[in-house]
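Participant: Below is run.cif; it holds mmCIF, C-alpha atoms.
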data_my_file
loop_
_atom_site.label_atom_id
_atom_site.label_comp_id
_atom_site.auth_asym_id
_atom_site.auth_seq_id
_atom_site.Cartn_x
_atom_site.Cartn_y
_atom_site.Cartn_z
CA MET W 1 80.06 20.39 103.82
CA LYS W 2 81.73 22.46 101.13
CA VAL W 3 82.43 26.13 101.67
CA ALA W 4 82.26 28.69 98.88
CA ALA W 5 85.25 31.01 98.63
CA THR W 6 87.15 33.10 96.11
CA LEU W 7 90.87 32.54 95.71
CA SER W 8 92.95 35.11 93.87
CA VAL W 9 95.74 33.34 92.00
CA ASN W 10 98.16 35.20 89.75
CA GLY W 11 95.76 38.11 89.54
CA PHE W 12 92.69 36.07 88.60
CA ALA W 13 89.76 35.52 90.99
CA TYR W 14 88.65 31.89 91.08
CA PRO W 15 85.35 31.03 92.75
CA VAL W 16 85.77 27.64 94.43
CA GLU W 17 83.88 25.29 96.70
CA LEU W 18 86.13 23.47 99.14
CA ASP W 19 86.00 21.05 102.01
CA PRO W 20 87.29 23.12 104.97
CA GLY W 21 90.31 20.84 105.44
CA THR W 22 91.54 21.24 101.83
CA ASN W 23 95.10 22.47 101.62
CA LEU W 24 96.12 25.28 99.29
CA LEU W 25 98.12 23.02 96.98
CA ALA W 26 95.16 20.69 96.42
CA ALA W 27 92.85 23.66 95.85
CA VAL W 28 95.14 25.25 93.27
CA ARG W 29 96.04 22.02 91.45
CA ASP W 30 92.87 19.94 91.64
CA VAL W 31 90.08 22.50 91.91
CA ILE W 32 91.46 25.51 90.02
CA GLY W 33 93.54 23.37 87.66
CA LEU W 34 96.89 25.16 87.83
CA THR W 35 99.25 22.19 88.01
CA GLY W 36 102.59 23.98 87.88
CA SER W 37 103.09 23.68 91.64
CA LYS W 38 104.05 20.13 92.57
CA GLU W 39 103.35 17.80 95.43
CA GLY W 40 106.63 16.25 96.52
CA CYS W 41 106.74 15.17 100.16
CA ASP W 42 103.33 16.58 101.21
CA ASP W 43 105.02 17.30 104.54
CA SER W 44 106.65 20.76 104.22
CA GLU W 45 110.08 19.22 103.74
CA CYS W 46 110.84 19.55 100.02
CA GLY W 47 109.51 22.91 98.81
CA ALA W 48 108.05 21.60 95.52
CA CYS W 49 104.68 23.16 96.40
CA MET W 50 106.09 26.61 97.21
CA MET W 51 103.75 29.52 96.44
CA LEU W 52 103.70 33.15 97.53
CA LEU W 53 100.97 34.53 99.79
CA ASP W 54 101.00 38.31 99.54
CA GLY W 55 104.62 37.96 98.48
CA GLN W 56 105.66 35.70 101.36
CA PRO W 57 106.67 32.08 100.71
CA VAL W 58 104.34 29.33 101.88
CA ASN W 59 104.49 25.54 101.71
CA ALA W 60 101.07 25.26 100.07
CA CYS W 61 100.70 21.60 101.06
CA SER W 62 100.59 22.70 104.69
CA TYR W 63 98.32 25.73 104.51
CA LEU W 64 94.55 25.66 104.64
CA ALA W 65 93.18 26.94 101.34
CA LEU W 66 90.36 28.85 103.01
CA GLN W 67 92.92 30.88 104.97
CA ALA W 68 94.24 32.23 101.67
CA GLU W 69 90.95 33.95 100.79
CA GLY W 70 91.70 37.67 100.82
CA SER W 71 95.37 37.18 99.99
CA GLU W 72 97.09 37.30 96.60
CA ILE W 73 98.47 33.88 95.70
CA THR W 74 101.35 33.59 93.26
CA THR W 75 102.34 30.31 91.63
CA VAL W 76 104.98 29.53 89.04
CA GLU W 77 102.37 30.19 86.34
CA GLY W 78 102.29 33.81 87.51
CA LEU W 79 105.98 34.52 87.02
CA ALA W 80 106.01 34.82 83.23
CA ASP W 81 104.44 37.73 81.37
CA GLY W 82 102.24 35.89 78.90
CA ASP W 83 104.60 33.92 76.68
CA THR W 84 107.62 35.92 77.84
CA LEU W 85 109.48 34.08 80.56
CA ALA W 86 110.73 35.97 83.59
CA PRO W 87 114.50 36.64 83.57
CA LEU W 88 114.84 34.08 86.38
CA GLN W 89 113.15 31.40 84.27
CA VAL W 90 115.38 32.16 81.29
CA ALA W 91 118.44 31.96 83.52
CA PHE W 92 117.36 28.57 84.90
CA LEU W 93 117.08 27.24 81.33
CA GLU W 94 120.34 28.75 80.12
CA LEU W 95 122.52 27.89 83.11
CA GLY W 96 121.45 24.32 83.80
CA GLY W 97 119.07 25.04 86.65
CA VAL W 98 116.55 22.53 85.30
CA GLN W 99 116.97 18.81 84.88
CA CYS W 100 113.88 16.68 85.56
CA GLY W 101 111.94 19.84 86.35
CA PHE W 102 109.96 18.61 89.33
CA CYS W 103 111.53 20.98 91.88
CA THR W 104 111.73 23.85 89.39
CA PRO W 105 108.38 25.55 90.10
CA GLY W 106 109.12 25.65 93.81
CA MET W 107 112.71 26.74 93.23
CA LEU W 108 111.56 29.59 90.97
CA VAL W 109 108.99 30.76 93.50
CA SER W 110 111.48 30.62 96.39
CA ALA W 111 114.10 32.42 94.31
CA THR W 112 111.54 35.09 93.40
CA ALA W 113 110.82 35.65 97.11
CA LEU W 114 114.52 35.70 97.90
CA LEU W 115 115.30 38.32 95.25
CA ALA W 116 112.32 40.46 96.28
CA ASP W 117 113.65 40.47 99.84
CA ASN W 118 117.32 40.75 98.95
CA PRO W 119 117.99 41.99 95.40
CA SER W 120 121.76 41.50 95.67
CA PRO W 121 122.32 38.21 97.50
CA THR W 122 125.69 36.55 97.94
CA GLU W 123 126.12 32.91 96.94
CA ASP W 124 125.67 32.00 100.62
CA ASP W 125 122.44 34.00 100.76
CA VAL W 126 121.15 32.11 97.72
CA ARG W 127 122.09 28.70 99.07
CA ILE W 128 120.48 29.46 102.44
CA GLY W 129 117.45 31.05 100.80
CA LEU W 130 116.85 27.94 98.69
CA SER W 131 117.67 25.38 101.35
CA GLY W 132 113.98 24.70 101.97
CA ASN W 133 113.79 23.41 98.39
CA LEU W 134 115.21 20.00 97.57
CA CYS W 135 116.56 19.05 94.14
CA ARG W 136 117.64 15.48 93.32
CA CYS W 137 119.13 16.15 89.88
CA THR W 138 121.14 19.29 89.43
CA GLY W 139 123.41 19.31 92.46
CA TYR W 140 122.08 22.86 92.94
CA ASP W 141 125.03 24.52 91.22
CA GLY W 142 123.17 25.54 88.07
CA ILE W 143 120.28 26.78 90.15
CA VAL W 144 122.52 28.95 92.33
CA LYS W 145 124.33 30.34 89.27
CA ALA W 146 121.01 31.11 87.62
CA VAL W 147 119.73 33.06 90.62
CA LEU W 148 123.02 34.94 91.00
CA SER W 149 123.01 35.81 87.29
CA VAL W 150 119.80 37.79 87.58
CA ALA W 151 120.50 39.22 91.03
CA GLY W 152 120.67 42.98 90.93
CA SER W 153 119.64 43.08 87.26
CA SER W 154 115.93 43.72 87.75
CA MET M 1 87.39 13.02 111.55
CA SER M 2 87.52 15.65 108.87
CA MET M 3 87.10 19.32 109.49
CA GLN M 4 83.44 20.31 109.54
CA THR M 5 83.49 24.02 110.26
CA PHE M 6 85.96 26.76 109.42
CA THR M 7 85.54 30.38 110.43
CA THR M 8 87.85 33.35 110.18
CA ALA M 9 87.97 35.66 113.19
CA ALA M 10 88.24 39.40 112.56
CA THR M 11 88.79 40.41 116.19
CA VAL M 12 90.31 38.95 119.34
CA GLU M 13 86.82 38.70 120.84
CA GLU M 14 85.62 36.58 117.93
CA ALA M 15 88.71 34.39 118.13
CA VAL M 16 88.35 33.84 121.88
CA ALA M 17 84.62 33.12 121.56
CA ALA M 18 85.30 30.51 118.88
CA VAL M 19 88.04 28.84 120.93
CA ALA M 20 85.75 28.80 123.98
CA ALA M 21 83.11 27.13 121.79
CA GLY M 22 85.58 24.35 120.99
CA ALA M 23 87.32 25.51 117.81
CA ARG M 24 91.03 24.92 117.38
CA PRO M 25 92.87 28.12 116.43
CA VAL M 26 95.04 28.11 113.31
CA ALA M 27 97.47 30.84 112.31
CA GLY M 28 100.30 29.76 109.99
CA GLY M 29 99.08 26.16 109.84
CA THR M 30 102.64 24.84 109.78
CA ASP M 31 102.04 22.38 112.64
CA LEU M 32 98.30 21.78 112.41
CA VAL M 33 98.01 20.75 108.77
CA VAL M 34 101.15 18.61 108.70
CA GLY M 35 100.30 16.96 112.02
CA ALA M 36 96.82 16.06 110.88
CA ARG M 37 98.04 14.56 107.60
CA THR M 38 100.78 12.45 109.11
CA GLY M 39 98.40 11.07 111.73
CA LYS M 40 100.35 12.66 114.58
CA SER M 41 97.12 14.39 115.49
CA THR M 42 93.65 14.46 113.99
CA MET M 43 92.35 17.40 112.03
CA PRO M 44 90.06 19.22 114.46
CA GLY M 45 86.37 19.15 113.61
CA SER M 46 86.13 22.89 114.09
CA VAL M 47 88.81 25.44 113.25
CA VAL M 48 88.98 29.20 113.69
CA ALA M 49 91.57 31.02 111.60
CA ILE M 50 93.04 33.87 113.63
CA HIS M 51 95.63 35.05 111.09
CA ARG M 52 93.64 38.18 110.11
CA VAL M 53 93.34 39.54 113.67
CA ALA M 54 95.43 42.71 113.48
CA GLU M 55 95.60 43.17 117.28
CA LEU M 56 97.48 39.89 117.61
CA ARG M 57 100.33 41.06 115.38
CA GLY M 58 103.47 42.91 116.23
CA VAL M 59 106.99 42.84 117.62
CA GLU M 60 107.13 45.92 119.84
CA PRO M 61 109.90 47.17 122.10
CA LEU M 62 108.41 48.51 125.35
CA ALA M 63 109.33 51.80 127.02
CA ASP M 64 110.83 49.97 130.00
CA GLY M 65 113.24 48.05 127.78
CA GLY M 66 111.08 44.94 127.54
CA LEU M 67 109.52 43.40 124.48
CA ARG M 68 105.97 42.53 123.51
CA LEU M 69 105.21 39.94 120.87
CA GLY M 70 101.72 39.44 119.52
CA SER M 71 100.86 35.77 119.29
CA LEU M 72 100.86 36.15 115.50
CA ALA M 73 104.41 37.55 115.39
CA SER M 74 106.08 35.40 112.75
CA HIS M 75 109.51 33.90 113.18
CA ALA M 76 110.67 36.03 110.24
CA GLU M 77 109.47 39.22 111.93
CA ILE M 78 111.15 38.25 115.20
CA ALA M 79 114.42 37.24 113.51
CA GLU M 80 114.52 40.48 111.51
CA SER M 81 113.86 42.75 114.51
CA ASP M 82 116.90 44.82 115.46
CA ASP M 83 115.63 45.05 119.05
CA VAL M 84 115.36 41.29 119.40
CA CYS M 85 118.75 40.76 117.83
CA ALA M 86 120.45 43.31 120.07
CA ARG M 87 118.92 42.52 123.44
CA PHE M 88 116.98 39.23 123.25
CA THR M 89 119.59 37.51 121.16
CA ALA M 90 118.77 33.91 122.09
CA LEU M 91 115.26 34.45 120.71
CA SER M 92 116.72 35.90 117.54
CA ASP M 93 119.01 32.84 117.23
CA ALA M 94 115.99 30.57 117.60
CA SER M 95 113.50 32.29 115.32
CA ALA M 96 116.13 32.57 112.58
CA ILE M 97 116.43 28.77 112.29
CA VAL M 98 112.82 27.59 112.61
CA GLY M 99 111.89 25.45 109.60
CA SER M 100 112.53 27.13 106.26
CA HIS M 101 111.96 30.64 104.94
CA ALA M 102 108.36 29.58 104.27
CA THR M 103 107.89 28.25 107.81
CA ARG M 104 109.32 31.46 109.23
CA ALA M 105 107.09 33.62 107.04
CA GLN M 106 103.91 31.80 108.12
CA GLY M 107 104.70 30.20 111.49
CA THR M 108 104.02 32.22 114.64
CA VAL M 109 105.46 32.40 118.12
CA GLY M 110 102.03 31.70 119.61
CA GLY M 111 101.67 28.51 117.61
CA ASN M 112 105.21 27.45 118.45
CA LEU M 113 104.58 27.84 122.20
CA MET M 114 101.11 26.29 122.28
CA ASN M 115 102.08 23.25 120.23
CA ALA M 116 104.30 22.50 123.22
CA SER M 117 106.89 20.45 121.39
CA PRO M 118 109.88 19.74 123.63
CA ALA M 119 111.99 20.40 120.52
CA MET M 120 110.55 23.83 119.63
CA GLU M 121 113.15 26.53 119.01
CA THR M 122 111.63 29.59 120.71
CA GLY M 123 110.74 27.90 124.01
CA GLY M 124 114.18 27.73 125.61
CA PRO M 125 115.03 31.36 124.84
CA LEU M 126 111.70 32.62 126.17
CA VAL M 127 112.13 30.55 129.35
CA CYS M 128 115.66 31.87 129.91
CA LEU M 129 114.63 35.45 129.17
CA GLY M 130 111.90 35.19 131.81
CA ALA M 131 109.00 35.68 129.40
CA THR M 132 105.33 35.40 130.30
CA VAL M 133 102.38 34.70 128.03
CA THR M 134 98.96 36.27 128.22
CA LEU M 135 96.09 33.80 127.95
CA ARG M 136 92.65 35.15 127.21
CA SER M 137 89.27 33.50 127.72
CA PRO M 138 85.73 34.90 127.69
CA SER M 139 86.05 35.45 131.44
CA GLY M 140 89.28 37.45 131.38
CA THR M 141 93.03 37.28 130.95
CA ARG M 142 95.85 35.85 133.00
CA SER M 143 99.62 35.73 132.76
CA VAL M 144 101.61 32.52 132.90
CA ALA M 145 105.38 32.26 132.96
CA VAL M 146 106.55 30.44 129.83
CA GLU M 147 108.43 27.97 132.03
CA ASP M 148 105.11 27.02 133.64
CA LEU M 149 103.24 26.69 130.33
CA TRP M 150 104.00 23.07 129.42
CA THR M 151 103.17 19.81 131.16
CA GLY M 152 104.34 17.36 128.50
CA PRO M 153 104.73 16.95 124.75
CA GLY M 154 101.78 18.75 123.15
CA LYS M 155 100.28 19.61 126.55
CA THR M 156 99.94 23.01 128.20
CA THR M 157 98.46 24.45 131.37
CA ALA M 158 96.15 26.64 129.29
CA ALA M 159 92.46 25.90 129.81
CA PRO M 160 90.52 24.70 126.74
CA ASP M 161 88.81 28.09 126.44
CA GLU M 162 92.03 30.12 126.57
CA LEU M 163 93.81 31.64 123.58
CA LEU M 164 97.40 32.82 123.77
CA VAL M 165 97.24 36.48 122.73
CA GLY M 166 100.73 37.75 123.48
CA VAL M 167 104.17 37.22 124.95
CA GLU M 168 105.98 39.72 127.16
CA VAL M 169 109.70 39.59 127.75
CA PRO M 170 111.14 41.75 130.55
CA ALA M 171 114.11 44.03 129.94
CA PRO M 172 117.35 42.09 130.44
CA ALA M 173 119.61 43.40 133.22
CA ALA M 174 122.67 45.38 132.12
CA GLY M 175 125.52 43.03 131.21
CA THR M 176 123.22 40.24 130.03
CA GLY M 177 123.95 38.09 127.00
CA SER M 178 121.96 35.14 125.71
CA ALA M 179 122.26 32.44 123.07
CA TYR M 180 120.39 29.46 121.67
CA VAL M 181 122.28 26.63 119.96
CA ARG M 182 120.89 23.44 118.47
CA LEU M 183 122.41 20.28 117.08
CA GLU M 184 121.11 19.91 113.53
CA TYR M 185 121.71 17.69 110.52
CA ARG M 186 120.64 20.16 107.83
CA ARG M 187 120.31 23.93 107.54
CA GLN M 188 116.57 24.20 106.99
CA MET M 189 113.45 22.17 107.67
CA GLU M 190 115.26 20.88 110.71
CA ILE M 191 114.12 20.30 114.26
CA ALA M 192 116.52 20.39 117.21
CA VAL M 193 118.12 17.02 117.83
CA VAL M 194 119.39 18.62 121.02
CA GLY M 195 119.15 22.29 121.95
CA ALA M 196 120.36 24.53 124.73
CA THR M 197 119.77 28.13 125.77
CA ALA M 198 121.78 30.26 128.14
CA ALA M 199 121.14 33.77 129.45
CA VAL M 200 123.88 35.12 131.70
CA THR M 201 124.61 38.43 133.38
CA VAL M 202 128.24 39.38 133.91
CA VAL M 203 129.16 42.26 136.23
CA ASP M 204 132.82 43.18 136.79
CA GLY M 205 133.92 39.80 135.47
CA VAL M 206 131.62 37.78 137.73
CA VAL M 207 128.52 35.88 136.60
CA THR M 208 125.77 37.37 138.77
CA ALA M 209 122.79 35.60 137.19
CA ALA M 210 122.37 32.63 134.88
CA ARG M 211 119.54 30.73 133.30
CA VAL M 212 120.14 27.56 131.34
CA ALA M 213 117.43 25.53 129.61
CA MET M 214 117.52 22.30 127.66
CA THR M 215 115.53 21.52 124.52
CA ALA M 216 114.64 18.08 123.12
CA LEU M 217 116.22 16.51 126.20
CA SER M 218 113.15 15.96 128.39
CA ALA M 219 109.36 15.81 128.10
CA THR M 220 109.21 19.60 128.19
CA ILE M 221 111.79 22.30 127.70
CA ARG M 222 113.01 23.11 131.18
CA ARG M 223 115.66 24.91 133.15
CA VAL M 224 118.58 23.09 134.73
CA PRO M 225 119.14 24.60 138.20
CA ASP M 226 122.44 22.74 138.74
CA ALA M 227 123.87 24.22 135.55
CA GLU M 228 122.79 27.69 136.62
CA ALA M 229 124.33 27.20 140.08
CA ALA M 230 127.61 26.13 138.47
CA LEU M 231 127.80 29.46 136.67
CA VAL M 232 126.54 31.97 139.25
CA GLY M 233 129.39 33.42 141.29
CA SER M 234 132.01 32.09 138.89
CA ASP M 235 134.21 33.98 136.47
CA GLY M 236 132.48 32.22 133.57
CA GLY M 237 135.72 30.41 132.79
CA SER M 238 136.19 26.99 131.31
CA ALA M 239 135.83 25.10 134.62
CA ALA M 240 132.42 26.65 135.30
CA ILE M 241 131.29 26.07 131.72
CA GLU M 242 132.46 22.46 131.89
CA SER M 243 130.50 21.72 135.07
CA ALA M 244 127.40 23.53 133.79
CA GLY M 245 127.51 21.39 130.63
CA ALA M 246 127.90 18.25 132.73
CA ALA M 247 124.89 19.31 134.82
CA VAL M 248 122.74 19.58 131.67
CA ALA M 249 123.79 16.10 130.54
CA ALA M 250 123.04 14.74 134.02
CA ALA M 251 119.58 16.32 134.06
CA ALA M 252 118.68 15.13 130.55
CA THR M 253 116.09 12.37 130.14
CA PRO M 254 116.03 12.13 126.34
CA ILE M 255 114.09 9.73 124.14
CA SER M 256 115.44 7.64 121.28
CA ASP M 257 113.83 8.36 117.93
CA VAL M 258 114.64 8.62 114.25
CA ARG M 259 116.75 11.75 114.85
CA GLY M 260 118.99 10.38 117.58
CA SER M 261 119.35 7.79 120.30
CA ALA M 262 118.96 8.71 123.94
CA ASP M 263 122.67 7.98 124.51
CA TYR M 264 123.72 10.22 121.63
CA ARG M 265 121.44 13.02 122.81
CA ARG M 266 122.82 12.76 126.34
CA ALA M 267 126.39 12.86 125.05
CA MET M 268 125.66 15.89 122.88
CA ALA M 269 123.74 17.68 125.64
CA ALA M 270 126.95 18.75 127.36
CA VAL M 271 128.54 19.87 124.09
CA ILE M 272 125.60 21.95 122.93
CA ALA M 273 125.04 23.42 126.40
CA ARG M 274 128.70 24.50 126.58
CA ARG M 275 128.43 26.18 123.19
CA ALA M 276 125.29 28.07 124.21
CA ILE M 277 126.84 29.16 127.51
CA LYS M 278 130.12 30.25 125.88
CA THR M 279 128.27 32.29 123.28
CA ALA M 280 126.01 33.89 125.89
CA LEU M 281 129.05 34.81 128.02
CA SER M 282 130.84 36.34 125.04
CA ARG M 283 127.77 38.40 124.24
CA ALA M 284 127.39 39.47 127.89
CA ARG M 285 131.00 40.68 127.82
CA GLY M 286 130.33 42.59 124.62
CA GLU M 287 132.63 40.40 122.57
CA ASN M 288 130.14 40.49 119.70
CA ALA M 289 129.87 36.71 119.32
#
Could you render the structure as C-alpha cells?
Facilitator:
Amino acid sequence: MKVAATLSVNGFAYPVELDPGTNLLAAVRDVIGLTGSKEGCDDSECGACMMLLDGQPVNACSYLALQAEGSEITTVEGLADGDTLAPLQVAFLELGGVQCGFCTPGMLVSATALLADNPSPTEDDVRIGLSGNLCRCTGYDGIVKAVLSVAGSS
Amino acid sequence: MSMQTFTTAATVEEAVAAVAAGARPVAGGTDLVVGARTGKSTMPGSVVAIHRVAELRGVEPLADGGLRLGSLASHAEIAESDDVCARFTALSDASAIVGSHATRAQGTVGGNLMNASPAMETGGPLVCLGATVTLRSPSGTRSVAVEDLWTGPGKTTAAPDELLVGVEVPAPAAGTGSAYVRLEYRRQMEIAVVGATAAVTVVDGVVTAARVAMTALSATIRRVPDAEAALVGSDGGSAAIESAGAAVAAAATPISDVRGSADYRRAMAAVIARRAIKTALSRARGENA
C-alpha cells in the first residue's frame, strides 16, 4: 500500500505517494523526476547517488525515502543558483573535474558537504573526504584541484 | 516480502511498543536497506523509524568519567567527540573508519551493535572498554555487557521485543590506553578483513590490566584471554607483544570469503593484534601515538 508523504528537495515541497520500501534515490529520480543524482552500484559503494539530508551526506540508494520526510534534501540540482553555477561546479568544469560526468553529481554533493564542514581542507582532507565517491575517468586529480581551488574562497 | 507498514516513532515509548509489536527498527538504514536489496536479508514487513527520537541521541561524558552514548549516536558524532578521542580512543579509531563520510553521518552505534556483524568496527572497542548496553522492552530495561550481546553473525541475546536504547562505557582506570586497528584494502567503504582491539593499563612500567579482542576472526567479536594473560604482569615489551599476537592467531577461527582466505586472515591476525597492542601501550604511556 502506498503512503502519502511530502519530501522537501532543494527548497521545494513535493507531495509523493510511495511504497514504504522505496529508497530515497528512487523517490527523487523516478517519482519526483530529478534525475541529476545517479544510480551506480546501488550498494552504498560508489557515491553516485550522494545527497544531503539536513546538510549531512547520505547514500540515497540506501536510505528509506519516508525517513527523509521532515528533513531538507539537497541534490546536485540544488547547488546552482538558477542558471548560475556554484563556484564548485565552475571549478570542476574549468579544471578537468568532469569527464563522462556520471560520478559528478555525487562528487559535487560530497565536496559541498566537505567544504561546509571544513572550509580550508588540505589535499589529504579532500582526498579522504571524497574517498566514498568513485570515479573511473579522471584519475581524481582534476576533481581534487577543483575542490582545493574554491576552498576558503566562499 | 516487501515492506507493508512504515511508522515513525516520536518517543522511546512509541519505538519500544512498535518493536514489541514486531516492527524492525531503522535508524540510518545503512545496513537494513543494503542488506535487503542484496538478498542478504529480507526487507522486514513492518518497520519503525526511530531516527527522530531525541532521547536516543547524544554522546555525553558522565560525571564519574564514564561515557553515555544514545543508540542513535552517529559514528561521525562519536569520532568527532574530544572526550571519546582522549579517553576512549579505540572507539574513536573505530568510528572514524566506518564506511564513508555518508555512512558515518547516518549510521549509528546502536545499529552497528545490533546488526551483530563479526566484522563491525565499534564492537571490539566497546568490548575492551567494558561497555554495557541498555535494552528496553515494554516490561522494563536491563543491562547487558557488550561482550555478552552476540551469539553469532547477525544474532544477539536481545529478546525480540527489546530495543537498544543506549551504551554506557565506564571510566578507564588511570594509565589506560586503547586502540583499534583493522586490515583494509581501501580507505573508505571498507569492512575489516581482520581487526584487533587492545585496552591496556600501565602502572609504573608494568601492565596491570589488559583486554584484547579480535574482529572478523570468529563468529562473533570476542576477547582472547590468552593474549590478555600474555600482557598482564609484563613490561609491555616486544616479547609480551609477540606472544599476545600469537595467542590471537591461535584463537582465530576465520572464514574464507571474497575479502580474504582463512589462512590469510589467520596470518594477519597476529600482525594486526600486535599493532593494536603496541598503539594501546604507547597511548597508555602517554606517548601520544
Participant: Report, as AutoDock Vina command-line options, the centre and edge lengths in Å (one decimal) of the axis-aligned box enclosing every listed atom of stretch 192-208 of chain M, padded by 4 Å on each side.
Facilitator:
--center_x 125.2 --center_y 30.1 --center_z 128.0 --size_x 25.4 --size_y 34.2 --size_z 29.6
Participant: Tell me which residues the PyMOL selection byres ((chain W) within 9 of (chain M)) grabs here, as a PDB file with C-alpha atoms, in the coordinates of the input.
Facilitator:
ATOM      1  CA  MET W   1      80.060  20.390 103.820  1.00  0.00           C
ATOM      2  CA  LYS W   2      81.730  22.460 101.130  1.00  0.00           C
ATOM      3  CA  VAL W   3      82.430  26.130 101.670  1.00  0.00           C
ATOM      4  CA  ASP W  19      86.000  21.050 102.010  1.00  0.00           C
ATOM      5  CA  PRO W  20      87.290  23.120 104.970  1.00  0.00           C
ATOM      6  CA  GLY W  21      90.310  20.840 105.440  1.00  0.00           C
ATOM      7  CA  ASN W  23      95.100  22.470 101.620  1.00  0.00           C
ATOM      8  CA  ASP W  42     103.330  16.580 101.210  1.00  0.00           C
ATOM      9  CA  ASP W  43     105.020  17.300 104.540  1.00  0.00           C
ATOM     10  CA  SER W  44     106.650  20.760 104.220  1.00  0.00           C
ATOM     11  CA  GLU W  45     110.080  19.220 103.740  1.00  0.00           C
ATOM     12  CA  CYS W  46     110.840  19.550 100.020  1.00  0.00           C
ATOM     13  CA  GLY W  47     109.510  22.910  98.810  1.00  0.00           C
ATOM     14  CA  MET W  50     106.090  26.610  97.210  1.00  0.00           C
ATOM     15  CA  LEU W  52     103.700  33.150  97.530  1.00  0.00           C
ATOM     16  CA  GLN W  56     105.660  35.700 101.360  1.00  0.00           C
ATOM     17  CA  PRO W  57     106.670  32.080 100.710  1.00  0.00           C
ATOM     18  CA  VAL W  58     104.340  29.330 101.880  1.00  0.00           C
ATOM     19  CA  ASN W  59     104.490  25.540 101.710  1.00  0.00           C
ATOM     20  CA  CYS W  61     100.700  21.600 101.060  1.00  0.00           C
ATOM     21  CA  SER W  62     100.590  22.700 104.690  1.00  0.00           C
ATOM     22  CA  TYR W  63      98.320  25.730 104.510  1.00  0.00           C
ATOM     23  CA  LEU W  64      94.550  25.660 104.640  1.00  0.00           C
ATOM     24  CA  LEU W  66      90.360  28.850 103.010  1.00  0.00           C
ATOM     25  CA  GLN W  67      92.920  30.880 104.970  1.00  0.00           C
ATOM     26  CA  SER W 110     111.480  30.620  96.390  1.00  0.00           C
ATOM     27  CA  ILE W 128     120.480  29.460 102.440  1.00  0.00           C
ATOM     28  CA  GLY W 129     117.450  31.050 100.800  1.00  0.00           C
ATOM     29  CA  LEU W 130     116.850  27.940  98.690  1.00  0.00           C
ATOM     30  CA  SER W 131     117.670  25.380 101.350  1.00  0.00           C
ATOM     31  CA  GLY W 132     113.980  24.700 101.970  1.00  0.00           C
ATOM     32  CA  ASN W 133     113.790  23.410  98.390  1.00  0.00           C
TER      33      ASN W 133
END
Participant: Which residues come within 7 Å of stretch 170-185 of chain M, counting all atoms listed in the file, excluding same-chain residues fewer than 3 positions away, as a PyMOL selection string?
Facilitator: chain M and resi 64-67+88-90+93-94+125+130-131+190+192-203+272+275-276+279-281+283-285
Participant: Please indicate the distance in Å from atom CA of W:Gly55 to atom CA of M:Glu14, rounded to one decimal place.
Facilitator: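 Atom-to-atom, atom CA of W:Gly55 to atom CA of M:Glu14, that is 27.2 Å.
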Participant: Out of M:Val167, M:Val144, M:Ala96, M:Ala15, which residue has the shortest atom-to-atom distance to M:Ser71 when counting all atoms listed in the file?
Facilitator: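 The answer is M:Val167, which sits nearest to M:Ser71.
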Participant: As an exercise, work out the distance from atom CA of W:Leu79 to atom CA of M:Thr108 in Å and give it to one decimal place.
Facilitator: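 A separation of 27.8 Å between them.
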Participant: Give as a VMD selection string each residue that has an atom at most 7 Å from (100.7, 24.9, 91.6) in the file, counting all atoms listed in the file.
Facilitator: chain W and resid 25 28 to 29 34 to 38 49 75 to 76
Participant: Name all residues at most 7 Å from W:Val9 (count all atoms listed in the file; drop same-chain ones fewer than 2 positions away) and give them as a list of chain:residue names.
Facilitator: W:Leu7, W:Gly11, W:Phe12, W:Ala13, W:Glu72, W:Ile73, W:Thr74
Participant: Exactly which residues make up the result of the PyMOL selection byres ((chain M and resi 141) around 12) on this file, given as JSON, numbers by chain?
Facilitator: {"M": [13, 16, 133, 134, 135, 136, 137, 138, 139, 140, 142, 143, 144, 158, 159, 161, 162, 163, 164, 165, 166]}
Participant: Report, in Å with one decimal, the straight-line distance from atom CA of M:Ala246 to atom CA of M:Ala267.
Facilitator: 9.5 Å
Participant: Could you get me a file of stretch 184-193 of chain M with N, CA and C atoms, as a tab-separated table (two decimals), in the first residue's frame, taken from the block above?
Facilitator:
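result19.tsv, written as the output of this step:
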chain	number	residue	atom	x	y	z
M	184	GLU	N	42.75	-3.35	5.96
M	184	GLU	CA	41.80	-2.83	4.98
M	184	GLU	C	42.45	-2.75	3.62
M	185	TYR	N	41.65	-2.77	2.57
M	185	TYR	CA	42.17	-2.68	1.21
M	185	TYR	C	41.94	-1.29	0.60
M	186	ARG	N	40.99	-0.55	1.14
M	186	ARG	CA	40.77	0.82	0.69
M	186	ARG	C	40.40	1.69	1.88
M	187	ARG	N	40.45	3.01	1.70
M	187	ARG	CA	40.29	3.92	2.81
M	187	ARG	C	38.85	4.02	3.30
M	188	GLN	N	37.91	3.99	2.36
M	188	GLN	CA	36.51	4.16	2.77
M	188	GLN	C	35.67	3.05	2.16
M	189	MET	N	34.46	2.94	2.63
M	189	MET	CA	33.53	1.88	2.21
M	189	MET	C	34.20	0.53	2.38
M	190	GLU	N	34.95	0.39	3.44
M	190	GLU	CA	35.67	-0.84	3.70
M	190	GLU	C	35.11	-1.50	4.95
M	191	ILE	N	35.28	-2.79	5.01
M	191	ILE	CA	34.91	-3.57	6.19
M	191	ILE	C	36.19	-4.27	6.62
M	192	ALA	N	36.34	-4.48	7.92
M	192	ALA	CA	37.57	-5.10	8.41
M	192	ALA	C	37.78	-6.47	7.76
M	193	VAL	N	38.94	-6.66	7.16
M	193	VAL	CA	39.34	-8.00	6.73
M	193	VAL	C	39.72	-8.78	7.98
